[in-house]
file work_21.cif (mmCIF, C-alpha atoms)
data_upload
loop_
_atom_site.label_atom_id
_atom_site.label_comp_id
_atom_site.auth_asym_id
_atom_site.auth_seq_id
_atom_site.Cartn_x
_atom_site.Cartn_y
_atom_site.Cartn_z
CA MET A 304 172.51 -14.05 113.47
CA ASP A 305 172.47 -14.07 109.68
CA SER A 306 170.40 -11.54 107.74
CA LEU A 307 167.78 -14.04 106.55
CA THR A 308 167.05 -15.08 110.13
CA GLN A 309 166.76 -11.48 111.32
CA ILE A 310 164.41 -10.65 108.43
CA ALA A 311 162.25 -13.68 109.24
CA LEU A 312 162.18 -12.85 112.96
CA GLY A 313 161.30 -9.20 112.35
CA SER A 314 158.50 -10.15 109.97
CA ALA A 315 157.12 -12.81 112.32
CA VAL A 316 157.11 -10.48 115.31
CA SER A 317 155.47 -7.65 113.36
CA LEU A 318 152.81 -9.98 111.94
CA ALA A 319 152.01 -11.26 115.42
CA VAL A 320 151.66 -7.74 116.85
CA MET A 321 149.65 -6.21 114.00
CA GLY A 322 147.26 -9.14 113.53
CA ARG A 323 144.22 -8.03 111.53
CA ARG A 324 144.89 -4.33 112.08
CA THR A 325 146.70 -4.03 108.75
CA ALA A 326 147.40 -6.08 105.64
CA PRO A 327 149.79 -8.98 106.38
CA TRP A 328 152.20 -7.89 103.65
CA LYS A 329 152.59 -4.48 105.29
CA ALA A 330 153.39 -5.97 108.67
CA ALA A 331 155.81 -8.50 107.17
CA LEU A 332 157.54 -5.89 105.02
CA TRP A 333 158.14 -3.36 107.79
CA GLY A 334 159.08 -6.08 110.24
CA ALA A 335 161.74 -7.23 107.79
CA VAL A 336 163.02 -3.65 107.41
CA ALA A 337 163.20 -3.12 111.18
CA GLY A 338 164.82 -6.52 111.64
CA THR A 339 167.54 -5.58 109.16
CA LEU A 340 168.31 -2.00 110.22
CA PRO A 341 170.65 -2.73 113.17
CA ASP A 342 173.10 -4.61 110.93
CA LEU A 343 173.64 -1.64 108.63
CA ASP A 344 176.48 -0.67 110.97
CA ALA A 345 178.53 -3.32 109.16
CA PHE A 346 179.06 -0.74 106.40
CA ILE A 347 180.81 1.70 108.78
CA ASP A 348 184.61 1.74 108.71
CA HIS A 349 185.95 2.32 112.23
CA GLY A 350 189.60 2.62 111.21
CA ASN A 351 191.01 -0.91 111.04
CA ALA A 352 189.92 -4.54 110.99
CA ILE A 353 190.02 -4.99 114.78
CA ALA A 354 188.01 -1.82 115.41
CA ASN A 355 185.45 -2.97 112.84
CA MET A 356 185.05 -6.28 114.70
CA VAL A 357 184.76 -4.67 118.12
CA GLU A 358 182.43 -1.83 117.09
CA HIS A 359 180.00 -4.02 115.17
CA ARG A 360 176.87 -4.69 117.25
CA ALA A 361 177.52 -1.58 119.32
CA GLU A 362 175.30 1.58 119.22
CA SER A 363 173.08 0.14 116.48
CA HIS A 364 172.32 -2.85 118.72
CA ALA A 365 171.83 -0.93 121.97
CA LEU A 366 168.39 -1.51 123.46
CA LEU A 367 168.03 2.10 124.62
CA TYR A 368 168.83 3.64 121.22
CA LEU A 369 166.62 1.18 119.36
CA SER A 370 163.75 1.85 121.75
CA LEU A 371 164.06 5.59 121.15
CA PHE A 372 164.26 5.09 117.38
CA SER A 373 161.17 2.84 117.33
CA LEU A 374 158.84 5.72 118.19
CA PRO A 375 159.44 7.89 115.09
CA LEU A 376 159.74 4.77 112.92
CA GLY A 377 156.35 3.47 114.05
CA ALA A 378 154.77 6.90 113.52
CA LEU A 379 156.33 7.15 110.05
CA VAL A 380 155.06 3.73 108.96
CA ALA A 381 151.54 4.50 110.23
CA ARG A 382 151.54 7.80 108.33
CA LEU A 383 152.82 6.24 105.09
CA HIS A 384 149.94 3.77 105.09
CA GLY A 385 147.30 6.24 106.26
CA GLU A 386 146.84 4.31 109.51
CA GLN A 387 147.60 7.07 112.01
CA ALA A 388 144.82 5.86 114.30
CA GLY A 389 146.82 2.69 114.86
CA TRP A 390 150.23 4.30 115.25
CA ARG A 391 150.71 2.92 118.77
CA ARG A 392 150.33 -0.61 117.49
CA TRP A 393 152.80 0.13 114.69
CA TRP A 394 155.19 1.56 117.28
CA LEU A 395 154.94 -1.64 119.34
CA ALA A 396 155.52 -3.77 116.24
CA MET A 397 158.57 -1.74 115.20
CA TRP A 398 159.97 -1.72 118.73
CA LEU A 399 159.74 -5.49 119.05
CA ALA A 400 161.15 -6.07 115.56
CA LEU A 401 164.10 -3.79 116.39
CA VAL A 402 164.95 -5.05 119.90
CA THR A 403 164.54 -8.75 119.15
CA HIS A 404 167.40 -8.36 116.66
CA PRO A 405 170.12 -7.64 119.27
CA LEU A 406 168.50 -9.95 121.81
CA LEU A 407 168.83 -12.82 119.33
CA ASP A 408 172.38 -11.72 118.47
CA GLY A 409 173.14 -11.89 122.18
CA MET A 410 172.47 -15.62 122.07
CA THR A 411 175.47 -16.10 119.74
CA VAL A 412 179.09 -16.04 120.87
CA TYR A 413 180.20 -12.92 118.97
CA GLY A 414 179.23 -10.28 121.50
CA THR A 415 176.49 -7.64 121.48
CA GLN A 416 176.75 -4.34 123.34
CA LEU A 417 173.16 -4.30 124.51
CA TRP A 418 173.49 -1.71 127.26
CA LYS A 419 175.34 1.12 125.57
CA PRO A 420 175.86 3.93 126.53
CA PHE A 421 175.99 2.64 130.11
CA THR A 422 178.55 -0.09 129.34
CA SER A 423 180.40 -1.36 126.27
CA HIS A 424 180.53 -4.92 127.61
CA PRO A 425 179.85 -7.36 124.73
CA TYR A 426 177.25 -9.85 125.91
CA GLY A 427 177.20 -13.26 124.25
CA VAL A 428 175.49 -16.39 125.60
CA GLY A 429 176.99 -18.49 122.81
CA SER A 430 174.30 -21.18 122.83
CA ILE A 431 173.43 -20.95 119.13
CA PHE A 432 175.52 -20.70 115.97
CA ILE A 433 175.14 -17.64 113.78
CA ILE A 434 173.31 -19.78 111.18
CA ASP A 435 171.04 -22.55 112.42
CA PRO A 436 168.28 -23.87 110.13
CA LEU A 437 166.31 -25.38 113.01
CA TYR A 438 165.81 -21.88 114.40
CA THR A 439 165.21 -20.10 111.09
CA VAL A 440 162.98 -22.52 109.16
CA PRO A 441 159.99 -22.39 111.55
CA LEU A 442 160.03 -18.58 111.31
CA ILE A 443 160.11 -18.63 107.52
CA VAL A 444 157.33 -21.22 107.30
CA GLY A 445 155.17 -19.20 109.66
CA VAL A 446 155.67 -15.94 107.77
CA VAL A 447 155.08 -17.51 104.35
CA ALA A 448 151.93 -19.22 105.62
CA ALA A 449 150.68 -15.95 107.10
CA LEU A 450 151.18 -14.17 103.77
CA ALA A 451 149.69 -17.00 101.72
CA SER A 452 146.70 -17.87 103.91
CA GLY A 453 145.89 -14.68 105.72
CA PRO A 454 144.15 -14.58 109.08
CA PRO A 455 143.17 -16.57 111.04
CA VAL A 456 144.93 -19.65 109.61
CA GLY A 457 148.12 -17.81 108.67
CA ALA A 458 148.23 -16.10 112.05
CA ARG A 459 148.20 -19.47 113.79
CA TRP A 460 151.05 -20.72 111.60
CA ASN A 461 153.04 -17.58 112.41
CA ARG A 462 152.50 -18.02 116.15
CA TRP A 463 153.60 -21.64 115.92
CA GLY A 464 156.74 -20.56 114.07
CA LEU A 465 157.60 -18.06 116.79
CA ALA A 466 156.86 -20.59 119.52
CA LEU A 467 158.98 -23.35 117.99
CA SER A 468 161.93 -21.04 117.32
CA THR A 469 161.79 -19.72 120.89
CA LEU A 470 161.64 -23.25 122.30
CA TYR A 471 164.69 -24.11 120.21
CA LEU A 472 166.58 -21.20 121.77
CA ALA A 473 165.65 -22.51 125.20
CA TRP A 474 166.80 -25.99 124.17
CA SER A 475 170.16 -24.59 123.03
CA ALA A 476 170.73 -22.86 126.37
CA GLY A 477 169.81 -26.00 128.29
CA VAL A 478 172.11 -28.22 126.22
CA GLN A 479 174.91 -25.68 126.64
CA GLN A 480 174.65 -26.03 130.41
CA HIS A 481 174.70 -29.82 130.13
CA VAL A 482 177.80 -29.79 127.93
CA THR A 483 179.47 -27.31 130.28
CA GLY A 484 179.04 -29.78 133.12
CA VAL A 485 180.48 -32.62 131.01
CA ALA A 486 183.44 -30.47 129.96
CA MET A 487 184.23 -29.28 133.47
CA ALA A 488 184.21 -32.84 134.78
CA SER A 489 186.54 -33.89 131.98
CA LEU A 490 188.91 -30.98 132.60
CA ARG A 491 189.12 -31.84 136.29
CA THR A 492 190.31 -35.32 135.38
CA GLN A 493 192.96 -33.77 133.12
CA GLY A 494 194.29 -31.64 135.97
CA LEU A 495 194.54 -28.51 133.80
CA PRO A 496 194.74 -25.18 135.71
CA VAL A 497 191.77 -23.78 133.80
CA GLN A 498 190.90 -20.10 134.21
CA THR A 499 187.80 -19.90 132.02
CA VAL A 500 185.81 -22.16 129.69
CA LEU A 501 183.87 -21.47 126.52
CA VAL A 502 181.13 -23.85 125.34
CA THR A 503 179.52 -23.10 121.98
CA PRO A 504 177.84 -25.14 119.22
CA THR A 505 179.55 -26.12 116.01
CA PRO A 506 178.07 -24.78 112.74
CA PHE A 507 174.39 -25.23 111.93
CA ASN A 508 173.39 -27.45 114.88
CA THR A 509 173.12 -27.93 118.64
CA LEU A 510 174.12 -31.60 118.71
CA LEU A 511 177.90 -31.14 118.53
CA TRP A 512 179.65 -28.61 120.76
CA ARG A 513 183.12 -27.08 120.83
CA VAL A 514 184.80 -26.37 124.16
CA VAL A 515 187.79 -24.07 124.70
CA ALA A 516 189.49 -24.00 128.10
CA VAL A 517 192.06 -21.28 128.78
CA THR A 518 194.94 -21.66 131.22
CA PRO A 519 197.54 -18.98 132.04
CA THR A 520 199.82 -20.16 129.22
CA GLN A 521 197.79 -22.57 127.07
CA TYR A 522 194.34 -23.34 125.72
CA ALA A 523 192.73 -26.73 125.24
CA GLU A 524 190.15 -27.53 122.57
CA GLY A 525 187.69 -30.41 122.74
CA PHE A 526 184.44 -31.51 121.12
CA TYR A 527 181.43 -33.21 122.62
CA ALA A 528 178.42 -34.62 120.76
CA LEU A 529 175.26 -35.49 122.62
CA ALA A 530 175.59 -38.91 120.96
CA ASP A 531 178.90 -39.41 122.83
CA GLY A 532 177.03 -40.08 126.04
CA ASN A 533 179.48 -40.96 128.81
CA ARG A 534 182.51 -41.37 126.57
CA PRO A 535 185.42 -39.23 127.80
CA MET A 536 186.20 -36.02 125.94
CA GLN A 537 189.50 -35.76 124.11
CA TRP A 538 191.51 -32.56 124.21
CA THR A 539 194.27 -30.96 122.17
CA VAL A 540 196.45 -28.45 124.01
CA HIS A 541 198.02 -25.41 122.33
CA GLU A 542 200.27 -22.57 123.45
CA ARG A 543 198.67 -19.16 123.84
CA GLY A 544 201.88 -17.31 123.00
CA THR A 545 202.65 -16.06 126.49
CA PRO A 546 205.96 -14.34 125.58
CA LEU A 547 204.21 -12.34 122.85
CA ILE A 548 201.29 -11.50 125.16
CA GLN A 549 203.71 -10.28 127.81
CA ARG A 550 205.57 -8.19 125.25
CA TYR A 551 202.63 -6.74 123.32
CA GLY A 552 199.70 -7.13 125.69
CA THR A 553 199.54 -3.37 126.28
CA VAL A 554 199.19 -2.55 122.57
CA PRO A 555 195.68 -1.02 122.22
CA ASP A 556 194.65 -3.34 119.39
CA VAL A 557 195.71 -6.41 121.37
CA GLN A 558 193.86 -5.10 124.41
CA ARG A 559 190.75 -4.66 122.27
CA VAL A 560 190.84 -8.28 121.14
CA ALA A 561 191.54 -9.50 124.69
CA ARG A 562 188.62 -7.55 126.12
CA PHE A 563 186.17 -8.31 123.31
CA SER A 564 186.98 -12.04 123.33
CA HIS A 565 186.70 -12.22 127.15
CA GLY A 566 190.27 -13.56 127.27
CA PHE A 567 189.82 -16.25 124.61
CA TYR A 568 192.68 -15.16 122.38
CA ARG A 569 196.19 -16.15 121.43
CA MET A 570 199.25 -14.52 119.86
CA ARG A 571 201.69 -16.08 117.41
CA SER A 572 204.63 -15.08 115.27
CA ARG A 573 204.93 -16.34 111.71
CA ASP A 574 207.10 -15.28 108.78
CA GLY A 575 208.41 -12.31 110.72
CA ARG A 576 204.93 -10.98 111.56
CA VAL A 577 202.83 -11.03 114.73
CA PHE A 578 199.24 -12.30 114.82
CA VAL A 579 196.46 -12.08 117.38
CA THR A 580 193.47 -14.44 117.10
CA ASP A 581 190.00 -14.53 118.63
CA LEU A 582 189.62 -18.20 119.62
CA ARG A 583 185.83 -18.17 119.93
CA MET A 584 184.86 -18.29 116.25
CA GLY A 585 186.37 -21.14 114.28
CA GLN A 586 188.50 -24.06 115.41
CA GLU A 587 192.04 -25.31 115.08
CA PRO A 588 193.68 -24.30 112.82
CA ASP A 589 191.06 -22.13 111.09
CA TYR A 590 189.70 -18.99 112.74
CA SER A 591 187.43 -16.27 111.34
CA PHE A 592 189.08 -13.41 113.22
CA GLN A 593 192.86 -13.69 112.98
CA PHE A 594 194.66 -10.38 112.63
CA ASP A 595 198.09 -9.58 111.23
CA LEU A 596 199.55 -6.81 113.42
CA GLY A 597 202.68 -6.26 111.35
CA THR A 598 206.32 -6.80 112.21
CA PRO A 599 207.78 -6.71 115.74
CA ALA A 600 209.51 -3.47 114.81
CA GLN A 601 206.18 -1.86 113.91
CA LEU A 602 204.64 -3.02 117.17
CA ASP A 603 207.62 -1.84 119.21
CA ALA A 604 207.26 1.55 117.53
CA GLY A 605 203.56 1.65 118.43
CA GLN A 606 202.52 1.55 114.77
CA PRO A 607 200.77 -1.78 114.15
CA GLU A 608 199.61 -2.56 110.63
CA VAL A 609 196.30 -4.34 111.22
CA ALA A 610 194.83 -6.64 108.58
CA LEU A 611 192.28 -9.44 108.84
CA ARG A 612 193.79 -12.83 107.88
CA GLY A 613 190.92 -15.16 108.72
CA GLN A 614 191.17 -18.76 107.59
CA ARG A 615 188.37 -21.13 106.61
CA PRO A 616 188.49 -24.91 106.22
CA ASP A 617 187.62 -26.74 103.03
CA ILE A 618 183.81 -26.64 103.11
CA GLY A 619 183.20 -30.07 101.62
CA THR A 620 185.61 -31.83 103.96
CA ALA A 621 184.40 -29.88 106.99
CA LEU A 622 180.70 -30.52 106.37
CA ALA A 623 181.25 -34.26 105.89
CA ALA A 624 183.28 -34.42 109.11
CA LEU A 625 180.69 -32.32 110.94
CA TRP A 626 177.88 -34.67 109.91
CA ARG A 627 179.79 -37.77 111.06
CA ARG A 628 180.89 -36.23 114.34
CA MET A 629 177.39 -34.97 115.19
CA TRP A 630 176.29 -38.59 115.52
CA GLY A 631 179.26 -39.64 117.64
CA HIS A 632 181.45 -41.05 114.87
CA ALA A 633 185.18 -40.46 114.68
CA GLY A 634 186.56 -37.32 113.14
CA GLY A 635 189.90 -39.07 112.65
CA SER A 636 192.66 -36.59 112.00
CA GLY A 637 190.19 -34.13 110.46
CA PRO A 638 187.99 -31.43 112.01
CA PHE A 639 185.85 -31.74 115.14
CA GLY A 640 188.08 -34.14 117.08
CA ALA A 641 187.57 -37.80 117.81
CA GLY A 642 184.52 -39.81 118.78
CA THR A 643 183.71 -43.46 118.29
CA ALA A 644 184.72 -45.41 115.23
CA PRO A 645 182.09 -45.39 112.46
#

call {"tool": "encode", "arguments": {"input": "work_21.cif", "output": "structure tokens"}}
result
Amino acid sequence: MDSLTQIALGSAVSLAVMGRRTAPWKAALWGAVAGTLPDLDAFIDHGNAIANMVEHRAESHALLYLSLFSLPLGALVARLHGEQAGWRRWWLAMWLALVTHPLLDGMTVYGTQLWKPFTSHPYGVGSIFIIDPLYTVPLIVGVVAALASGPPVGARWNRWGLALSTLYLAWSAGVQQHVTGVAMASLRTQGLPVQTVLVTPTPFNTLLWRVVAVTPTQYAEGFYALADGNRPMQWTVHERGTPLIQRYGTVPDVQRVARFSHGFYRMRSRDGRVFVTDLRMGQEPDYSFQFDLGTPAQLDAGQPEVALRGQRPDIGTALAALWRRMWGHAGGSGPFGAGTAP
């Protein structure tokens, strides 16, 4: 999730744990610090753009390492504030603020390596977008109220913020399962030889969902809004670049993208250069993680030249189309596919 959300979550969790045992500002401050720390790995250069994508949310998001780190962090905070008698409570607050960060990240589609060093598998439920105001705002309101009002009124506001945000996460997972069922039924009517399906929300909401279905040689993209009801989904089918995958699928950087994306990737050639794209984040034709691997000659020589070439849509056009499509109206030829006529 975005940094503001992680700061708000860390503060809210720490405030809830510490209660009246320390000043609210102390709990909120150190909760925010602990909620931010795991993302500092974004400043580490792992060698190239693909390695940076794959190694983000790795050791710094591992539950075991964060649990071990929480003990000295809690003891340090207690000592700094002269509250050594309550160091166990500070340890619990710091532990929860640290581990809720990767657990929340695991609800997004990106992928979080929660169980390192035992496995590097990137877990990602994909039921919530990386920025979602309906999750973040209750946390912020609760924390601000706790700081402004103090206990017991502020504490109640903070608990309500945590409860509402958690219920929203549960809602997102439930809606994801519903949309998965709708998408699978639609794909069966299309007769596509689907291998795997991805269902994830579009930006900033859980009312409009994007579905990607991968076949051995193609991928289909469709959108479903809860407002669509029983209207049939519409799909656009695209080539995955099978000849390029067969030719370069053993290149380590391509294998990294294939493994990290759980098979939701494509390869294309353009202007004499070869590209590999993670299909999970973005939509046709704009994707956040599209990588230029260099020329075929460089790849054949085992010397890819990796550079991130992500594309973003026009924000104004995309937001207007997103708002219309969320309520079941037609996207026309623009983003987010078709719905009903406005």

call {"tool": "resolve_selection", "arguments": {"input": "work_21.cif", "expression": "the PyMOL selection byres ((chain A and resi 599) around 10)", "output": "PyMOL selection string"}}
result
chain A and resi 547+550-551+572+575-577+596-598+600-607

call {"tool": "residues_around", "arguments": {"input": "work_21.cif", "residues": "region 400-403 of chain A", "least_positions_apart": "4", "cutoff": "8 Å", "atoms": "only C-alpha atoms", "output": "number ranges by chain"}}
result
A: 312-314, 316-317, 334-335, 337-338, 340-341, 364, 366, 369-370, 373, 396, 407

call {"tool": "resolve_selection", "arguments": {"input": "work_21.cif", "expression": "the PyMOL selection byres ((chain A and resi 442-453) around 8)", "output": "list in words"}}
result
Thr308, Ala311, Leu312, Ser314, Ala315, Leu318, Pro327, Trp328, Ala331, Tyr438, Thr439, Val440, Pro441, Pro454, Pro455, Val456, Gly457, Ala458, Arg459, Trp460, Asn461, Arg462, Trp463, Gly464, Leu465 and Ser468 of chain A

call {"tool": "atom_distance", "arguments": {"input": "work_21.cif", "atom1": "CA of Phe507 (chain A)", "atom2": "CA of Ala486 (chain A)"}}
result
20.8 Å

call {"tool": "residues_around", "arguments": {"input": "work_21.cif", "residues": "region 348-359 of chain A", "least_positions_apart": "3", "cutoff": "9 Å", "atoms": "all atoms listed in the file", "output": "ChimeraX atom specification"}}
result
/A:342,344-345,362-364,414-416,425,556-557,559-560,563,592,594,608-611

call {"tool": "resolve_selection", "arguments": {"input": "work_21.cif", "expression": "the PyMOL selection byres ((chain A and resi 526) around 12)", "output": "number ranges by chain"}}
result
A: 482-483, 485-486, 489, 501-505, 510-516, 523-525, 527-531, 534-539, 586-587, 625, 628-629, 631-634, 638-642

call {"tool": "residues_around", "arguments": {"input": "work_21.cif", "residues": "Ser430 (chain A)", "least_positions_apart": "3", "cutoff": "6 Å", "atoms": "all atoms listed in the file", "output": "list in words"}}
result
Met410, Ser475, Ala476, Gln479 and Thr503 of chain A

call {"tool": "closest_residue", "arguments": {"input": "work_21.cif", "among": "A:His565, A:His384, A:Arg571, A:Arg491", "to": "Thr325 (chain A)", "atoms": "only C-alpha atoms"}}
result
A:His384

call {"tool": "closest_residue", "arguments": {"input": "work_21.cif", "among": "A:Met397, A:Leu383, A:Ala488, A:Ala388", "to": "Thr339 (chain A)", "atoms": "only C-alpha atoms"}}
result
A:Met397

call {"tool": "atom_distance", "arguments": {"input": "work_21.cif", "atom1": "CA of His424 (chain A)", "atom2": "CA of Ala561 (chain A)"}}
result
12.3 Å

call {"tool": "decode", "arguments": {"input": "work_21.cif", "residues": "region 329-342 of chain A", "atoms": "N, CA, C and O atoms", "output": "PDB file, in the first residue's frame"}}
result
ATOM      1  N   LYS A 329       3.270   9.959  21.366  1.00  0.00           N
ATOM      2  CA  LYS A 329       4.394   9.026  21.321  1.00  0.00           C
ATOM      3  C   LYS A 329       4.001   7.737  20.590  1.00  0.00           C
ATOM      4  O   LYS A 329       4.741   7.241  19.739  1.00  0.00           O
ATOM      5  N   ALA A 330       2.861   7.207  20.954  1.00  0.00           N
ATOM      6  CA  ALA A 330       2.398   5.972  20.312  1.00  0.00           C
ATOM      7  C   ALA A 330       2.190   6.184  18.815  1.00  0.00           C
ATOM      8  O   ALA A 330       2.582   5.344  17.994  1.00  0.00           O
ATOM      9  N   ALA A 331       1.557   7.311  18.450  1.00  0.00           N
ATOM     10  CA  ALA A 331       1.295   7.578  17.035  1.00  0.00           C
ATOM     11  C   ALA A 331       2.593   7.779  16.261  1.00  0.00           C
ATOM     12  O   ALA A 331       2.746   7.285  15.136  1.00  0.00           O
ATOM     13  N   LEU A 332       3.533   8.499  16.859  1.00  0.00           N
ATOM     14  CA  LEU A 332       4.802   8.776  16.188  1.00  0.00           C
ATOM     15  C   LEU A 332       5.572   7.490  15.913  1.00  0.00           C
ATOM     16  O   LEU A 332       5.987   7.234  14.773  1.00  0.00           O
ATOM     17  N   TRP A 333       5.751   6.668  16.933  1.00  0.00           N
ATOM     18  CA  TRP A 333       6.546   5.454  16.744  1.00  0.00           C
ATOM     19  C   TRP A 333       5.811   4.405  15.931  1.00  0.00           C
ATOM     20  O   TRP A 333       6.436   3.618  15.207  1.00  0.00           O
ATOM     21  N   GLY A 334       4.488   4.415  15.997  1.00  0.00           N
ATOM     22  CA  GLY A 334       3.731   3.545  15.098  1.00  0.00           C
ATOM     23  C   GLY A 334       3.928   3.932  13.650  1.00  0.00           C
ATOM     24  O   GLY A 334       4.064   3.067  12.773  1.00  0.00           O
ATOM     25  N   ALA A 335       3.967   5.238  13.384  1.00  0.00           N
ATOM     26  CA  ALA A 335       4.205   5.712  12.020  1.00  0.00           C
ATOM     27  C   ALA A 335       5.601   5.324  11.543  1.00  0.00           C
ATOM     28  O   ALA A 335       5.792   4.918  10.388  1.00  0.00           O
ATOM     29  N   VAL A 336       6.584   5.444  12.439  1.00  0.00           N
ATOM     30  CA  VAL A 336       7.967   5.066  12.069  1.00  0.00           C
ATOM     31  C   VAL A 336       8.034   3.582  11.738  1.00  0.00           C
ATOM     32  O   VAL A 336       8.580   3.180  10.693  1.00  0.00           O
ATOM     33  N   ALA A 337       7.477   2.750  12.625  1.00  0.00           N
ATOM     34  CA  ALA A 337       7.510   1.301  12.389  1.00  0.00           C
ATOM     35  C   ALA A 337       6.718   0.933  11.145  1.00  0.00           C
ATOM     36  O   ALA A 337       7.103   0.023  10.406  1.00  0.00           O
ATOM     37  N   GLY A 338       5.624   1.636  10.884  1.00  0.00           N
ATOM     38  CA  GLY A 338       4.824   1.350   9.700  1.00  0.00           C
ATOM     39  C   GLY A 338       5.501   1.750   8.410  1.00  0.00           C
ATOM     40  O   GLY A 338       5.123   1.267   7.332  1.00  0.00           O
ATOM     41  N   THR A 339       6.505   2.610   8.498  1.00  0.00           N
ATOM     42  CA  THR A 339       7.225   3.074   7.313  1.00  0.00           C
ATOM     43  C   THR A 339       8.484   2.266   7.037  1.00  0.00           C
ATOM     44  O   THR A 339       8.886   2.089   5.874  1.00  0.00           O
ATOM     45  N   LEU A 340       9.120   1.751   8.084  1.00  0.00           N
ATOM     46  CA  LEU A 340      10.438   1.129   7.955  1.00  0.00           C
ATOM     47  C   LEU A 340      10.535   0.050   6.877  1.00  0.00           C
ATOM     48  O   LEU A 340      11.520   0.021   6.115  1.00  0.00           O
ATOM     49  N   PRO A 341       9.579  -0.869   6.744  1.00  0.00           N
ATOM     50  CA  PRO A 341       9.752  -1.931   5.742  1.00  0.00           C
ATOM     51  C   PRO A 341       9.929  -1.424   4.314  1.00  0.00           C
ATOM     52  O   PRO A 341      10.601  -2.076   3.507  1.00  0.00           O
ATOM     53  N   ASP A 342       9.352  -0.269   3.992  1.00  0.00           N
ATOM     54  CA  ASP A 342       9.434   0.230   2.614  1.00  0.00           C
ATOM     55  C   ASP A 342      10.734   0.946   2.298  1.00  0.00           C
ATOM     56  O   ASP A 342      10.930   1.392   1.162  1.00  0.00           O
TER      57      ASP A 342
END
